[in-house]
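This report concerns only the one structure given below.
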Amino acid sequence: MPTITINGVACEFTKGQMILQVAHANGLDIPSYCYHDGLTIVASCRICLGEAMAPNPRNEGKLEPYMGGKLFPTCQTAAVDGMVVNTDSTKAVANQKAVMEYLLINHPLDCPVCDQSGECLLQDYSFSYGRGASRFEEQKVKQPKKDVGPNILLYSDRCILCTRCVRFTREVTGTSELYVNGRGNKSEIDVFPGVALDNPLASNVIDLCPVGALLDKEFLFAQRVWFLRSTPSIDGITASGDNIWIEHNEGKVYRVKPRENLAINKWWITDEVRYGWKHVHAEHRLRSPMRRKHGALIEDDYKRAYEDTIAGLKKAVGGGKRLALLVSPNLTCEEAYALGTLAKLIDPQAVFGVGPVPFVGEDQTFPPGAAADDAKAFTVRAEKAPNARGVQRVLGAIGQMVLDADAFLARVKEPDIGAIVATGNYREDWATAEVLGAIDRAPGGGESRFVVLLDTHGTPLIDHADVVIPGATWTEKAGTFENAEKVLQAFEQAIPVIELAKTEGQIALDLIAEFHGTPGLADHRASVVIVDEQPGQVPQAVEVVAPRSRLFNAADIRTEMADRYPGLSAFATDVVLPSVDAEKVEGVEMVEL
Amino acid sequence: MGKTAYDGTPRHLLCKRIPTPPFGDWNDRHYVDYDEYVATGGYVALRKSLAQSPDAVTQEVKKAVVRGRGGAGFPAGVKWTFLPPVPEGKAPGDPGAERYLAVNADESEPGTFKDRLLMEFDPHQLLEGIAICCHACGLNKAYIFIRGEYYLQAERLERALAEAYEKGIFGEKCVQNSDANSGGGPRFRVDCYVHRGAGAYICGEETALLEAIEGKRGYPRIKPPFPAVEGLFGRPTVINNVETLCHLTLIMDEGAEAFMAQGVESTIGGPPSYGTKLMGMSGHVERPGCYEFELGIPLRLFVEEHCGGMRNGKAFKAAIPGGVSMGILGTDQYDAELDFDIGRKYDVLGLGTACPTVFDEDTDMVAVARNISRFYKHESCGQCTPCREGSGWLYQLLCRLTDGDARAKDLDLTLELAESMGSMPGTTICGLADGNNFAMRTIIQKFRSEFEAKLKPAFVTATVGAS
């Protein structure tokens, strides 16, 4: 394999890789502003310049100054076997300092009020590559703040004209809203008159911007970034399975950013995923269990809610009456498994269904006109639920038959259904007339049955339920989603579950424990009891910890699923876990705040 | 083979049909139409070229060492040989074998007005040169990128082009596609277009010019790939200056020797400077204007003998040899010979466009520097950081210097900025920053005392009377 030496470190590379790419792949830091893996190379910021010695084939391969010893852009120069590159030579360092000084002369240096502060390449590189003070005593060029789109503000004076955003709108979305206006130090990024930066991927320019020029209107002045913690997660809004970071502080989500995954979403996410988490903190989240008492729903504790649920289900099912379980496509695979197990425990012939999968329009491919299988294209999914395939897969392995939403809603209207367990967890009100007509305690005034609803948001459906238990959104739980490309991706819990709500998986495990007559986690007082001896054994007067409800642990559940059902073995082998690159900057100590 | 020094005999080759002193009166200049052009020996060179194979034409041009007249002085024949061959079994212009000629008529270097003359009065000479080049290199489309301010010139070019299309120089029945093409090259259609620029200096840079023709923002491209391999619309492209192409008519008509008989050999062992050169004189002389001389004419001779001496009898102080990017000739360099050796001999960047701007003794060199830096600040395309930010900073510093509001450290800073922006070879994509740096550095070096005289005195603590 060809080898190149960068700043004294020997790095292997594949032919065609640029020197900067080789350096980054080997964990070496070469500063760069305009370079981005997902965009064409313009080599205009000039901070990545380096010096090199390269073997001269015409001189027996002896090392000679590359390009006459002049500085050249490492982002745009392909690595050559045997080359020795230095971006820490006197000349290269002098250039880095000069570029940093140039970039800052017309920069307002308003870090204290800038949202980018803390994750700004100008700050980072000033620290690592810049010079301490500026010698600029003249007037700065002043440029306006611009409202360029529904979600984006452009602070032109902070812009360093790396043109990443311009290239993004030209190359990735193909919409070309942005352009460079003017010449020289009066150049500024702008939108064409009458055109807003408004496309389904537009807000990616905010992440692309290495400085605080392009800002998120929603995140504007909302939080200093050093207070934010990032949790690797998966898009819980659409079926695309985009990899994201959920950035949160003290139990509140502040923003969602794309997490690089070249196989799925590359470096981008849709604005829908970026801004689609608002329901997590919605006012109408369900926060406490409710049970029907004397015909009215009242808030109560988990103990009574669980007792009511199990008692009601046991009573309603049997004698030819079936249990129907509707699992929402917004739930994780592990939760589908737990709920399915619970349903089969109560009624081995339970009817399974997958909740309604919302579709909006059709799949959109960017840039427009690109083939869907084009490796560079980005597809915005019309399917607005993260896990329809995963739920289908799990329920299909556990039960005999899984009905789709329409079939399920038709099926539950039949008189042999004695009880319904329905899960919601939708971003929007999912209680359509069909749903309300089917999931009811006495549909059409007919025979009454027992309805349990696990949902996150209040909808008219709660009036149709006997017991309502509050669930959790995907940000509040760990689990696995199967995206439209049938890739299983696990994600972590970002924030604690809101108030008294629990994840649907935990609820299912608690109910299983309740069904077995062992106290659930809800009842902490009974966590240690004496259990009776096994039949055929000599009785022993020993105190043991009771088999009780356990904490819902997505990884354990995945193992159990794969062990119990051969059809689910993929959950032991094929789940893509979030890989977290622990970025460590030399000389900087990371402190938990 | 050639002369070693300028012999003082004026010869008019490019200006054959454009009356220029000492052979004619400026007032007699007029548009030379097709009929007049042919009657005075026009399109003979094209006929002779077509009777030869494209390779033979290229070799002849290479032999004549026609150094590019646009400023860099790169031999045109050598440039042509960088083109990849036309794909086997295809003629230029077939799908997958499109090849282009971009004619650089942007002429935006300050003080330069030589191509203007050729396009305004004798555009057919240029068109003939284009046709010869297209034959030699197998190029099927030529774009003449003319600067936007040249309105009359563009009109005249269009007029000549219409005549040329009518007479079958270009178009479906063009010479390369007819029996005239008997030299063994492929038959193909050649088209020629005039593309008017929008007035940016940077569009005269060859790759920015390609971008501009493609309808994009005039940002210079990163090289490699070089235009000869991947130029206009991603196809092999030759880029030549107007004057360079015009010289082809003489070379193909009378042979390389006739061209090489003009001009001088290098006296310092470099490549020779053959041929004549259009030289546009401007500045503080009695009779500024565009003249034609053999390369190698000393600046003093040019000014004193042909331009009527310095204006009002003042003394010579400095001169820009050809475009501000080339730096400046100092007071003691009045005798500099205007040939391609000038760069190495007189500490400037090069001959450039050979259109000198002369300053007399009354000129404030600090103001000259400020003026030049203002130009670069205004014309920097804004792509690379050092040039975009540095040129503005430099201008502001020089403003303070001219206002007498600067201290010694500011002068040092000016020099340091110029250095870090670009010192051949520079740190930017194109040569604009290098030009800026070179102009500033040579002016400050050669006239440092004038800059220092404008500085505010530094505060010094002096103890008087102490031991």
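Note on naming: chains are A, B, ... as they come in the structure tokens, residues start from 1 per chain, ligands start from 1 in the order shown.
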Need to verify the contact set: B:Glu172, 12 Å, only C-alpha atoms, exclusion of same-chain residues closer than 3 positions in sequence. Can you return it as a tab-separated table (two decimals) with N, CA, C and O atoms, in the first residue's frame?
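Final output, saved to out.tsv:
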chain	number	residue	atom	x	y	z
B	140	ASN	N	-12.58	23.36	-33.18
B	140	ASN	CA	-13.77	23.58	-33.98
B	140	ASN	C	-14.59	24.78	-33.54
B	140	ASN	O	-15.54	25.16	-34.21
B	164	ALA	N	-16.56	37.36	-42.72
B	164	ALA	CA	-15.78	36.13	-42.80
B	164	ALA	C	-16.70	34.91	-42.97
B	164	ALA	O	-16.38	33.99	-43.73
B	165	TYR	N	-17.83	34.94	-42.29
B	165	TYR	CA	-18.79	33.83	-42.46
B	165	TYR	C	-19.30	33.81	-43.90
B	165	TYR	O	-19.42	32.76	-44.52
B	166	GLU	N	-19.57	35.02	-44.42
B	166	GLU	CA	-20.10	35.12	-45.77
B	166	GLU	C	-19.09	34.60	-46.80
B	166	GLU	O	-19.45	33.94	-47.76
B	167	LYS	N	-17.84	34.88	-46.53
B	167	LYS	CA	-16.80	34.48	-47.48
B	167	LYS	C	-16.28	33.07	-47.21
B	167	LYS	O	-15.32	32.63	-47.82
B	168	GLY	N	-16.89	32.39	-46.28
B	168	GLY	CA	-16.51	31.00	-46.06
B	168	GLY	C	-15.22	30.81	-45.28
B	168	GLY	O	-14.51	29.84	-45.46
B	169	ILE	N	-14.88	31.75	-44.43
B	169	ILE	CA	-13.73	31.52	-43.54
B	169	ILE	C	-14.20	30.66	-42.36
B	169	ILE	O	-13.50	29.77	-41.89
B	175	VAL	N	-13.15	27.12	-44.55
B	175	VAL	CA	-11.97	26.63	-45.26
B	175	VAL	C	-11.51	25.26	-44.78
B	175	VAL	O	-11.07	24.44	-45.56
B	176	GLN	N	-11.67	25.01	-43.47
B	176	GLN	CA	-11.22	23.71	-42.96
B	176	GLN	C	-12.13	22.59	-43.41
B	176	GLN	O	-11.80	21.42	-43.32
B	177	ASN	N	-13.32	22.96	-43.89
B	177	ASN	CA	-14.30	21.94	-44.28
B	177	ASN	C	-14.43	21.88	-45.80
B	177	ASN	O	-15.37	21.32	-46.32
B	178	SER	N	-13.48	22.49	-46.50
B	178	SER	CA	-13.61	22.55	-47.96
B	178	SER	C	-12.34	22.01	-48.61
B	178	SER	O	-11.42	21.55	-47.93
B	187	ARG	N	-11.38	17.13	-42.04
B	187	ARG	CA	-12.30	18.20	-42.45
B	187	ARG	C	-13.31	18.40	-41.33
B	187	ARG	O	-13.88	17.45	-40.83
B	188	PHE	N	-13.52	19.63	-40.97
B	188	PHE	CA	-14.49	19.91	-39.91
B	188	PHE	C	-14.94	21.36	-40.00
B	188	PHE	O	-14.29	22.20	-40.61
B	189	ARG	N	-16.07	21.62	-39.38
B	189	ARG	CA	-16.64	22.96	-39.39
B	189	ARG	C	-16.05	23.78	-38.25
B	189	ARG	O	-15.95	23.30	-37.12
B	190	VAL	N	-15.67	25.01	-38.56
B	190	VAL	CA	-15.15	25.90	-37.52
B	190	VAL	C	-16.11	27.06	-37.33
B	190	VAL	O	-16.58	27.64	-38.31
B	191	ASP	N	-16.44	27.35	-36.09
B	191	ASP	CA	-17.28	28.50	-35.79
B	191	ASP	C	-16.52	29.47	-34.91
B	191	ASP	O	-15.63	29.06	-34.16
B	192	CYS	N	-16.90	30.72	-35.02
B	192	CYS	CA	-16.23	31.73	-34.22
B	192	CYS	C	-17.29	32.65	-33.62
B	192	CYS	O	-18.26	33.01	-34.29
Near stretch 71-89 of chain A, 10 Å: stretch 187-282 of chain B residue rows, closest pairs, only C-alpha atoms, as CSV:
residue,atom,partner,partner_atom,distance
B:Ile222,CA,A:Gln76,CA,8.7
B:Lys223,CA,A:Gln76,CA,9.8
B:Pro224,CA,A:Thr77,CA,9.4
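Residue-level contacts from chain B to chain A at 6 Å, counting only C-alpha atoms, read Ser380, Cys381, Gly382, Gln383, Cys384, Thr385, Arg388 and Glu389 of chain B.
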With only C-alpha atoms counted and 12 Å as the cut-off, give the residues of stretch 268-294 of chain B in contact with stretch 318-338 of chain B, each with its shortest interatomic distance in Å and the pair that gives it, as a tab-separated table.
residue	atom	partner	partner_atom	distance
B:Ser273	CA	B:Leu338	CA	9.6
B:Tyr274	CA	B:Leu338	CA	11.8
B:Thr276	CA	B:Leu338	CA	11.0
B:Lys277	CA	B:Leu338	CA	9.5
B:Leu278	CA	B:Gly322	CA	11.1
B:Met279	CA	B:Gly322	CA	8.6
B:Gly280	CA	B:Gly322	CA	8.8
B:Met281	CA	B:Gly322	CA	9.3
B:Ser282	CA	B:Ala319	CA	9.8
B:Gly283	CA	B:Ala319	CA	8.7
B:His284	CA	B:Ala319	CA	9.8
B:Val285	CA	B:Ala319	CA	11.2
B:Phe293	CA	B:Leu338	CA	9.7
B:Glu294	CA	B:Leu338	CA	9.1
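Between atom CA of B:Ala200 and atom CA of A:Val166 lies a distance of 21.3 Å.
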| field | All strand (DSSP E or B) positions in stretch 74-306 of chain B, as a VMD selection string | value | chain B and resid 75 100 to 105 141 to 146 171 190 to 196 237 to 241 263 to 264 273 to 274 276 to 283 285 289 to 294 297 to 298
